[in-house]
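Colleague: Structure supplied as target.txt; contents: compact mmCIF, C-alpha atoms.
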```txt
# COMPACT_ATOMS: atom_id res chain seq x y z
CA MET A 1 -63.32 -6.93 -85.65
CA THR A 2 -60.55 -4.36 -85.24
CA ARG A 3 -57.54 -4.50 -83.00
CA GLU A 4 -58.70 -1.33 -81.20
CA LEU A 5 -62.03 -2.89 -80.28
CA ARG A 6 -60.48 -6.14 -79.06
CA SER A 7 -57.96 -4.19 -76.98
CA ALA A 8 -60.77 -2.12 -75.47
CA ARG A 9 -62.64 -5.27 -74.44
CA TYR A 10 -59.60 -6.89 -72.86
CA GLY A 11 -58.66 -3.60 -71.20
CA ALA A 12 -62.13 -3.27 -69.66
CA VAL A 13 -62.06 -6.86 -68.37
CA LEU A 14 -58.59 -6.38 -66.86
CA THR A 15 -59.76 -3.19 -65.17
CA PHE A 16 -62.53 -5.18 -63.47
CA VAL A 17 -59.97 -7.83 -62.45
CA LEU A 18 -57.61 -5.28 -60.90
CA ALA A 19 -60.45 -3.47 -59.13
CA GLY A 20 -61.56 -6.76 -57.56
CA LEU A 21 -57.97 -7.62 -56.67
CA MET A 22 -57.26 -4.29 -54.93
CA VAL A 23 -60.50 -4.14 -52.94
CA GLY A 24 -60.32 -7.86 -52.13
CA THR A 25 -56.73 -7.55 -50.91
CA MET A 26 -57.66 -4.89 -48.37
CA THR A 27 -60.61 -7.00 -47.21
CA VAL A 28 -58.79 -10.32 -46.78
CA ARG A 29 -55.95 -8.71 -44.80
CA ILE A 30 -58.19 -6.90 -42.30
CA PRO A 31 -57.19 -9.31 -39.49
CA ALA A 32 -53.54 -8.44 -40.13
CA LEU A 33 -54.44 -4.75 -40.15
CA THR A 34 -56.07 -5.08 -36.73
CA ASP A 35 -52.89 -6.72 -35.43
CA LYS A 36 -50.68 -4.05 -36.97
CA LEU A 37 -52.46 -1.10 -35.33
CA GLY A 38 -54.23 -2.86 -32.45
CA LEU A 39 -57.72 -2.04 -33.76
CA SER A 40 -61.02 -3.15 -32.27
CA GLU A 41 -63.87 -4.61 -34.36
CA ALA A 42 -65.80 -1.36 -33.99
CA THR A 43 -62.82 0.60 -35.30
CA VAL A 44 -62.52 -1.74 -38.28
CA GLY A 45 -66.19 -1.08 -38.99
CA THR A 46 -65.45 2.66 -38.95
CA ILE A 47 -62.60 2.22 -41.42
CA LEU A 48 -64.80 0.21 -43.80
CA LEU A 49 -67.52 2.82 -43.44
CA ALA A 50 -65.03 5.59 -44.35
CA TRP A 51 -64.06 3.60 -47.45
CA GLY A 52 -67.68 2.94 -48.41
CA LEU A 53 -68.84 6.50 -47.87
CA GLY A 54 -65.90 7.81 -49.90
CA ALA A 55 -66.90 5.54 -52.78
CA LEU A 56 -70.56 6.51 -52.49
CA VAL A 57 -69.85 10.25 -52.47
CA THR A 58 -67.81 10.15 -55.67
CA MET A 59 -70.21 7.76 -57.39
CA GLN A 60 -73.11 10.09 -56.69
CA SER A 61 -71.16 13.06 -58.05
CA MET A 62 -70.06 11.33 -61.24
CA ARG A 63 -73.13 12.13 -63.34
CA ARG A 64 -71.86 15.52 -64.52
CA VAL A 65 -68.23 14.41 -64.73
CA MET A 66 -69.09 11.46 -66.95
CA ALA A 67 -71.31 13.64 -69.15
CA ARG A 68 -68.45 16.09 -69.66
CA VAL A 69 -65.37 13.92 -70.16
CA GLY A 70 -66.49 10.30 -70.67
CA SER A 71 -65.27 7.06 -69.14
CA ARG A 72 -61.86 6.92 -70.82
CA ALA A 73 -60.59 10.13 -69.23
CA VAL A 74 -61.99 9.17 -65.82
CA LEU A 75 -60.37 5.72 -65.91
CA ARG A 76 -57.01 7.09 -66.99
CA ALA A 77 -56.96 9.25 -63.86
CA GLY A 78 -59.00 7.13 -61.44
CA GLY A 79 -57.26 3.79 -62.01
CA PRO A 80 -53.78 4.92 -60.95
CA LEU A 81 -55.28 7.00 -58.10
CA THR A 82 -57.02 3.88 -56.78
CA ALA A 83 -53.70 2.01 -56.69
CA LEU A 84 -52.11 4.98 -54.89
CA GLY A 85 -55.03 5.00 -52.43
CA LEU A 86 -54.40 1.33 -51.65
CA LEU A 87 -50.73 2.16 -51.17
CA GLY A 88 -51.76 4.83 -48.66
CA VAL A 89 -53.78 2.25 -46.73
CA ALA A 90 -50.78 -0.08 -46.69
CA LEU A 91 -48.37 2.57 -45.39
CA ALA A 92 -50.65 4.40 -42.92
CA PRO A 93 -48.78 4.39 -39.57
CA ASP A 94 -51.72 5.19 -37.28
CA LEU A 95 -55.52 5.25 -37.11
CA PRO A 96 -56.14 8.90 -38.14
CA LEU A 97 -54.02 8.57 -41.28
CA LEU A 98 -55.56 5.15 -41.99
CA LEU A 99 -59.05 6.68 -41.93
CA VAL A 100 -57.94 9.38 -44.36
CA ALA A 101 -56.25 6.82 -46.64
CA ALA A 102 -59.29 4.53 -46.57
CA ALA A 103 -61.61 7.41 -47.49
CA LEU A 104 -59.33 8.49 -50.36
CA PHE A 105 -59.03 4.89 -51.55
CA GLY A 106 -62.83 4.63 -51.52
CA MET A 107 -63.25 7.93 -53.39
CA ALA A 108 -60.82 6.87 -56.12
CA PHE A 109 -62.48 3.46 -56.39
CA GLY A 110 -65.89 5.13 -56.69
CA THR A 111 -64.76 6.92 -59.86
CA VAL A 112 -63.33 3.72 -61.30
CA ASP A 113 -66.42 1.66 -60.51
CA VAL A 114 -68.70 4.02 -62.42
CA ALA A 115 -66.28 4.59 -65.28
CA MET A 116 -65.37 0.95 -65.86
CA ASN A 117 -69.07 0.06 -66.09
CA ALA A 118 -69.64 2.95 -68.51
CA GLN A 119 -66.62 1.80 -70.51
CA GLY A 120 -68.04 -1.73 -70.48
CA SER A 121 -71.35 -0.38 -71.80
CA ALA A 122 -69.56 1.50 -74.60
CA VAL A 123 -67.61 -1.62 -75.57
CA GLU A 124 -70.75 -3.74 -75.38
CA GLN A 125 -72.63 -1.42 -77.72
CA ALA A 126 -69.67 -1.21 -80.11
CA TYR A 127 -69.51 -5.02 -80.26
CA GLY A 128 -73.24 -5.23 -80.88
CA ARG A 129 -73.88 -7.99 -78.31
CA PRO A 130 -74.09 -8.43 -74.51
CA LEU A 131 -70.69 -8.48 -72.76
CA MET A 132 -71.30 -6.92 -69.33
CA ASN A 133 -71.67 -10.19 -67.39
CA GLY A 134 -68.33 -11.38 -68.70
CA MET A 135 -66.71 -8.14 -67.58
CA HIS A 136 -68.17 -8.49 -64.11
CA ALA A 137 -66.79 -12.03 -64.05
CA GLY A 138 -63.41 -10.27 -64.12
CA TRP A 139 -64.27 -8.73 -60.75
CA CYS A 140 -64.94 -12.21 -59.34
CA VAL A 141 -61.61 -13.43 -60.72
CA GLY A 142 -59.85 -10.51 -59.02
CA ALA A 143 -61.66 -11.08 -55.71
CA ILE A 144 -60.94 -14.81 -55.75
CA GLY A 145 -57.34 -14.06 -56.71
CA ALA A 146 -57.08 -11.68 -53.76
CA GLY A 147 -58.22 -14.47 -51.46
CA GLY A 148 -55.72 -16.94 -52.89
CA LEU A 149 -52.81 -14.50 -52.82
CA GLY A 150 -53.85 -13.43 -49.32
CA SER A 151 -53.69 -17.04 -48.12
CA LEU A 152 -50.24 -17.44 -49.68
CA ALA A 153 -49.07 -14.18 -48.11
CA ILE A 154 -50.29 -15.29 -44.69
CA ALA A 155 -48.61 -18.70 -45.09
CA ALA A 156 -45.37 -16.95 -46.09
CA GLY A 157 -45.59 -14.63 -43.10
CA LEU A 158 -45.82 -11.43 -45.16
CA PRO A 159 -46.93 -8.48 -42.99
CA PHE A 160 -49.96 -6.43 -44.00
CA THR A 161 -47.82 -3.50 -45.14
CA VAL A 162 -45.57 -5.57 -47.41
CA HIS A 163 -48.37 -7.60 -49.00
CA VAL A 164 -50.72 -4.68 -49.72
CA THR A 165 -47.85 -2.48 -50.92
CA LEU A 166 -46.82 -5.16 -53.44
CA ILE A 167 -50.37 -5.41 -54.81
CA ALA A 168 -50.61 -1.63 -55.13
CA LEU A 169 -47.21 -1.28 -56.82
CA VAL A 170 -47.99 -4.05 -59.32
CA SER A 171 -51.45 -2.65 -60.09
CA LEU A 172 -50.27 0.95 -60.61
CA PRO A 173 -48.24 0.54 -63.84
CA VAL A 174 -50.71 -1.95 -65.27
CA LEU A 175 -53.55 0.54 -64.82
CA VAL A 176 -51.47 3.26 -66.47
CA LEU A 177 -50.85 0.99 -69.47
CA LEU A 178 -54.52 0.00 -69.66
CA GLY A 179 -55.34 3.67 -70.17
CA ARG A 180 -54.16 3.25 -73.78
CA THR A 181 -56.79 0.58 -74.50
CA TYR A 182 -59.99 2.35 -73.41
CA LEU A 183 -62.57 3.18 -76.02
CA PRO A 184 -63.41 6.84 -76.68
CA GLU A 185 -67.14 7.42 -76.64
CA PRO A 186 -68.62 9.29 -79.59
CA PRO A 187 -69.11 13.06 -79.15
CA ALA A 188 -72.68 12.72 -77.86
CA ALA A 189 -71.50 10.37 -75.14
CA ALA A 190 -68.35 12.22 -74.26
CA GLY A 191 -70.32 15.37 -73.47
CA THR A 192 -71.25 18.57 -75.18
CA ALA A 193 -72.77 21.67 -73.62
CA GLY A 194 -76.24 20.47 -74.56
CA THR A 195 -75.58 17.00 -73.23
CA VAL A 196 -74.28 18.29 -69.91
CA ALA A 197 -77.28 20.56 -69.47
CA GLY A 198 -79.54 17.61 -70.24
CA GLU A 199 -77.86 15.43 -67.66
CA ARG A 200 -78.67 17.95 -64.95
CA ARG A 201 -82.32 17.12 -65.47
CA ARG A 202 -83.97 14.08 -63.98
CA LEU A 203 -82.99 10.82 -65.65
CA PRO A 204 -85.65 8.50 -67.12
CA ALA A 205 -87.73 6.60 -64.55
CA ILE A 206 -86.30 3.27 -65.68
CA VAL A 207 -82.86 4.31 -64.40
CA TYR A 208 -84.25 4.69 -60.86
CA LEU A 209 -86.12 1.38 -61.15
CA LEU A 210 -82.88 -0.32 -62.20
CA GLY A 211 -81.09 1.43 -59.33
CA ALA A 212 -83.68 0.06 -56.89
CA ILE A 213 -83.19 -3.49 -58.23
CA MET A 214 -79.44 -3.06 -57.86
CA PHE A 215 -79.97 -1.70 -54.33
CA PHE A 216 -81.82 -4.93 -53.38
CA ALA A 217 -79.15 -7.13 -55.00
CA PHE A 218 -76.26 -5.32 -53.32
CA MET A 219 -78.01 -5.55 -49.96
CA VAL A 220 -77.99 -9.33 -50.44
CA GLU A 221 -74.30 -9.33 -51.42
CA GLY A 222 -73.30 -7.11 -48.49
CA THR A 223 -75.31 -9.20 -46.05
CA ILE A 224 -73.61 -12.40 -47.21
CA ALA A 225 -70.13 -10.87 -47.19
CA ASP A 226 -70.39 -9.49 -43.65
CA TRP A 227 -72.70 -11.90 -41.82
CA ASN A 228 -72.39 -15.29 -43.52
CA GLY A 229 -69.41 -16.53 -41.49
CA LEU A 230 -70.90 -15.45 -38.18
CA TYR A 231 -74.22 -17.11 -39.02
CA MET A 232 -72.52 -20.39 -39.96
CA ARG A 233 -70.46 -20.42 -36.77
CA ASP A 234 -72.93 -19.13 -34.18
CA GLU A 235 -76.29 -20.35 -35.50
CA LEU A 236 -75.27 -23.62 -37.18
CA GLY A 237 -72.30 -24.50 -34.97
CA ALA A 238 -69.83 -24.79 -37.87
CA PRO A 239 -66.09 -24.88 -37.17
CA GLU A 240 -64.42 -21.63 -38.17
CA ALA A 241 -62.67 -23.24 -41.15
CA LEU A 242 -66.00 -24.48 -42.54
CA ALA A 243 -67.77 -21.20 -41.77
CA ALA A 244 -65.12 -19.33 -43.75
CA LEU A 245 -65.95 -21.38 -46.87
CA GLY A 246 -69.40 -19.84 -47.29
CA TYR A 247 -68.25 -16.62 -48.96
CA PRO A 248 -65.71 -18.18 -51.39
CA VAL A 249 -68.36 -20.73 -52.41
CA PHE A 250 -70.79 -17.86 -52.97
CA GLU A 251 -68.19 -16.03 -55.10
CA LEU A 252 -67.58 -19.20 -57.13
CA GLY A 253 -71.28 -19.40 -57.93
CA MET A 254 -71.21 -15.75 -58.97
CA LEU A 255 -68.23 -16.32 -61.25
CA ILE A 256 -69.85 -19.25 -63.06
CA ALA A 257 -73.13 -17.35 -63.51
CA ARG A 258 -71.38 -14.29 -64.90
CA LEU A 259 -69.34 -16.33 -67.36
CA THR A 260 -72.56 -17.72 -68.83
CA GLY A 261 -74.87 -14.72 -68.23
CA ASP A 262 -74.33 -12.94 -71.54
CA ARG A 263 -75.42 -15.99 -73.54
CA LEU A 264 -78.48 -16.44 -71.33
CA ARG A 265 -79.39 -12.78 -71.78
CA VAL A 266 -79.47 -13.19 -75.55
CA ARG A 267 -81.96 -16.03 -75.14
CA PHE A 268 -84.17 -14.85 -72.27
CA GLY A 269 -83.71 -11.07 -72.08
CA VAL A 270 -83.06 -8.87 -69.04
CA ARG A 271 -86.64 -8.94 -67.73
CA GLY A 272 -86.85 -12.73 -67.72
CA MET A 273 -83.40 -13.22 -66.25
CA LEU A 274 -83.95 -10.73 -63.43
CA THR A 275 -87.26 -12.37 -62.51
CA VAL A 276 -85.70 -15.84 -62.35
CA SER A 277 -82.64 -14.47 -60.51
CA GLY A 278 -84.81 -12.86 -57.85
CA VAL A 279 -86.84 -16.01 -57.27
CA ALA A 280 -83.67 -18.15 -57.16
CA THR A 281 -82.00 -15.76 -54.70
CA ALA A 282 -85.04 -15.86 -52.39
CA GLY A 283 -85.44 -19.64 -52.63
CA PHE A 284 -81.84 -20.61 -52.00
CA PHE A 285 -81.41 -18.00 -49.27
CA ALA A 286 -84.35 -19.69 -47.56
CA VAL A 287 -82.50 -23.01 -47.88
CA VAL A 288 -79.48 -21.43 -46.15
CA LEU A 289 -81.68 -20.27 -43.26
CA LEU A 290 -83.57 -23.56 -42.93
CA ALA A 291 -80.53 -25.80 -43.39
CA PRO A 292 -80.22 -28.50 -40.72
CA ALA A 293 -76.41 -28.49 -40.96
CA ALA A 294 -73.64 -26.10 -41.95
CA THR A 295 -72.56 -28.27 -44.91
CA VAL A 296 -76.02 -27.89 -46.44
CA ALA A 297 -75.96 -24.13 -45.88
CA VAL A 298 -72.48 -23.78 -47.44
CA SER A 299 -73.65 -25.77 -50.48
CA ALA A 300 -76.73 -23.56 -50.80
CA MET A 301 -74.51 -20.47 -50.80
CA PHE A 302 -73.20 -21.58 -54.18
CA PHE A 303 -76.71 -21.39 -55.62
CA VAL A 304 -77.40 -18.04 -53.95
CA GLY A 305 -74.31 -16.80 -55.79
CA LEU A 306 -75.67 -18.21 -59.05
CA GLY A 307 -78.96 -16.41 -58.45
CA VAL A 308 -77.72 -12.96 -57.50
CA ALA A 309 -74.63 -12.76 -59.72
CA THR A 310 -76.10 -11.42 -62.95
CA ILE A 311 -78.41 -8.82 -61.39
CA SER A 312 -75.95 -5.92 -61.12
CA PRO A 313 -74.34 -6.47 -64.57
CA LEU A 314 -77.77 -6.67 -66.20
CA THR A 315 -79.12 -3.56 -64.49
CA LEU A 316 -75.99 -1.54 -65.29
CA SER A 317 -76.01 -2.71 -68.90
CA LEU A 318 -79.66 -1.74 -69.33
CA ALA A 319 -79.07 1.60 -67.58
CA GLY A 320 -76.32 2.28 -70.10
CA THR A 321 -78.88 2.15 -72.92
CA ALA A 322 -81.47 4.36 -71.16
CA THR A 323 -79.96 7.66 -72.32
CA ALA A 324 -77.65 8.88 -75.07
CA THR A 325 -74.81 9.01 -72.52
CA PRO A 326 -74.32 5.79 -70.53
CA GLY A 327 -72.07 7.34 -67.85
CA PRO A 328 -74.57 9.48 -65.90
CA ALA A 329 -77.27 6.77 -65.88
CA ILE A 330 -74.75 4.15 -64.73
CA ALA A 331 -73.46 6.56 -62.06
CA GLN A 332 -77.00 7.02 -60.68
CA ALA A 333 -77.87 3.31 -60.70
CA GLY A 334 -74.47 2.40 -59.27
CA ALA A 335 -74.75 4.92 -56.43
CA MET A 336 -78.15 3.50 -55.48
CA GLY A 337 -76.70 0.00 -55.57
CA TYR A 338 -73.77 0.83 -53.34
CA ALA A 339 -76.10 2.45 -50.85
CA GLY A 340 -77.62 -1.02 -50.46
CA LEU A 341 -74.18 -2.54 -50.00
CA LEU A 342 -73.52 -0.14 -47.12
CA LEU A 343 -76.99 -0.29 -45.60
CA GLY A 344 -77.60 -4.04 -45.73
CA PRO A 345 -75.10 -5.15 -43.09
CA VAL A 346 -76.18 -2.29 -40.78
CA VAL A 347 -79.86 -3.28 -41.03
CA ILE A 348 -78.97 -6.90 -40.28
CA GLY A 349 -77.06 -5.78 -37.19
CA PHE A 350 -80.00 -3.83 -35.78
CA LEU A 351 -82.50 -6.58 -36.60
CA SER A 352 -80.34 -9.30 -35.07
CA ASP A 353 -80.07 -7.32 -31.84
CA ALA A 354 -83.87 -7.02 -31.72
CA THR A 355 -84.60 -10.63 -32.75
CA SER A 356 -81.95 -13.17 -33.74
CA LEU A 357 -79.37 -13.39 -36.51
CA ARG A 358 -81.31 -16.13 -38.31
CA THR A 359 -84.49 -14.05 -38.26
CA ALA A 360 -82.64 -10.92 -39.38
CA LEU A 361 -81.11 -12.73 -42.32
CA GLY A 362 -84.63 -13.50 -43.52
CA ILE A 363 -84.41 -10.08 -45.15
CA GLY A 364 -82.39 -11.83 -47.88
CA VAL A 365 -85.48 -13.81 -48.87
CA VAL A 366 -87.59 -10.63 -48.93
CA LEU A 367 -85.00 -8.85 -51.08
CA GLY A 368 -84.96 -11.68 -53.62
CA LEU A 369 -88.75 -11.47 -53.96
CA LEU A 370 -88.55 -7.67 -54.35
CA ILE A 371 -86.06 -8.13 -57.20
CA ALA A 372 -88.41 -10.55 -58.97
CA LEU A 373 -91.43 -8.26 -58.53
CA SER A 374 -89.53 -5.14 -59.59
CA ALA A 375 -88.27 -6.90 -62.72
CA ARG A 376 -91.86 -7.35 -63.89
CA LEU A 377 -92.13 -3.56 -64.13
CA LEU A 378 -89.40 -3.41 -66.78
CA PRO A 379 -90.35 -3.12 -70.46
CA ARG A 380 -90.88 -6.44 -72.20
CA HIS A 381 -88.65 -5.34 -75.08
CA GLU A 382 -85.30 -3.89 -74.07
CA PRO A 383 -83.38 -1.50 -76.34
CA ALA A 384 -81.02 -3.20 -78.78
CA THR A 385 -77.73 -3.47 -76.88
CA VAL A 386 -76.32 -2.76 -79.85
CA SER A 387 -76.24 -0.65 -82.61
CA PRO A 388 -72.51 -0.41 -83.03
CA LEU A 389 -71.04 2.94 -81.99
CA PRO A 390 -68.96 4.96 -84.46
CA VAL A 391 -65.79 4.80 -82.41
CA VAL A 392 -63.39 2.58 -84.33
CA ARG A 393 -61.44 4.07 -87.13
CA GLU A 394 -58.65 1.56 -87.79
CA PRO A 395 -58.67 -0.68 -90.88
CA VAL A 396 -60.61 -3.89 -90.41
CA GLU A 397 -58.48 -6.96 -89.85
CA ALA A 398 -59.37 -10.54 -90.52
CA ALA A 399 -61.48 -11.89 -87.66
CA ALA A 400 -59.70 -14.29 -85.40
```
Could you spell out this file's structure in structure tokens?
Modeller:
Amino acid sequence: MTRELRSARYGAVLTFVLAGLMVGTMTVRIPALTDKLGLSEATVGTILLAWGLGALVTMQSMRRVMARVGSRAVLRAGGPLTALGLLGVALAPDLPLLLVAAALFGMAFGTVDVAMNAQGSAVEQAYGRPLMNGMHAGWCVGAIGAGGLGSLAIAAGLPFTVHVTLIALVSLPVLVLLGRTYLPEPPAAAGTAGTVAGERRRLPAIVYLLGAIMFFAFMVEGTIADWNGLYMRDELGAPEALAALGYPVFELGMLIARLTGDRLRVRFGVRGMLTVSGVATAGFFAVVLLAPAATVAVSAMFFVGLGVATISPLTLSLAGTATATPGPAIAQAGAMGYAGLLLGPVVIGFLSDATSLRTALGIGVVLGLLIALSARLLPRHEPATVSPLPVVREPVEAAA
């Protein structure tokens, strides 16, 4: 194992951590943002939509960019721009500028999200074994860290502007330094004229199937993030403090699953894991909806997190092996996934108005079953994650 390869792995993981930290920080301080600018709930929804649409637009446009320049170049530019976008959100003095800053933050994050997954795929293939779940665990660490630091900031009385500015200013130089660790893809993956022309054609069907599975999984995640607390409070009568525990418990389940997911993949394969994950997501989501008390529902959220956690890392990892260039395939699957993240909460809102929130959330059970059924359409034998890529040129050191 070379120093360059180890540095690339740690750099990719830290990029996931910082991405989770920056996005999570904006999310956990939304109440303070509403106080700062006197925003209504509908206006907050508009701001989040501007952020999400910005991310989706750039993710959808990344196929050609990734084919031309590769993930390393995109991350070196997109990482610092994401930190600057968060800084813009922190310093925005009024609603119009906040909407612009949120959209720019989302656009920068969209480039990073695609590129860090493509970089993770390149590192994974260079290592010759599954690593993507562990990298996505870094996102969970960052998101959980954002929640903890947010709680400390609130307890210390830090205003929204000060807290978010500090996170952005700390993240910016770290992301610049991480740019030195990213792995260069080989020429075929970095993009030649023939490669770029090829990427303009339709990608293999499996990429769109994986994107659909990711769409279902992200709909589940978005539904839980946006509606879990309201369901616990209004439908199960939970105190607000208990209702707020549902999402952190869900994230904890995701973290544990992702820390163990790469080892499970070696044993059971992507097809088997996705099938079990879909069934588990449907089953435990049903427990949440049928729970007689909020404590039971909160406990079940942990197992929903366990079920859904590995779906997006597995689909992105497999997408990265579907073509000679992982970036465009990951960009397509990722864009489809994020569409689910945006659409899920909206669908729940419309369905809850027409029926009830409990009935609307039943879509989570349906989505879990769709994941399990879609997984059965995947090939029984996945491509080797892992013929090592010819990217490391330093002398081999003694393995640690």
Colleague: Name the closest residue to Pro80 of chain A among the candidates A:Leu33, A:Ala115, A:Leu177, A:Leu158; distances are taken between atoms, counting only C-alpha atoms.
Modeller: A:Leu177
Colleague: Please provide as a list in words all residues within 6 Å of segment 52-66 of chain A, with the sequence filter that same-chain residues fewer than 5 positions apart are discarded (counting all atoms listed in the file).
Modeller: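 Answer for this query is Ala103, Gly106, Met107, Gly110, Gly327, Pro328, Ala331 and Ala335 of chain A.
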Colleague: Please indicate the distance in Å from atom CA of Leu210 of chain A to atom CA of Ala333 of chain A, rounded to one decimal place.
Modeller: 6.4 Å
Colleague: Between A:Phe16, A:Gln125, A:Thr325, A:Ala375, single out the one closest to Arg271 of chain A, counting all atoms listed in the file.
Modeller: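 Result for the nearest residue to Arg271 of chain A: A:Ala375.
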Colleague: Please compute the atom CA of Arg376 of chain A-atom CA of Leu255 of chain A distance, one decimal, in Å.
Modeller: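 About the pair atom CA of Arg376 of chain A and atom CA of Leu255 of chain A: they are 25.4 Å apart.
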Colleague: Between atom CA of Thr181 of chain A and atom CA of Ala8 of chain A, what is the distance, to one decimal in Å?
Modeller: 4.9 Å
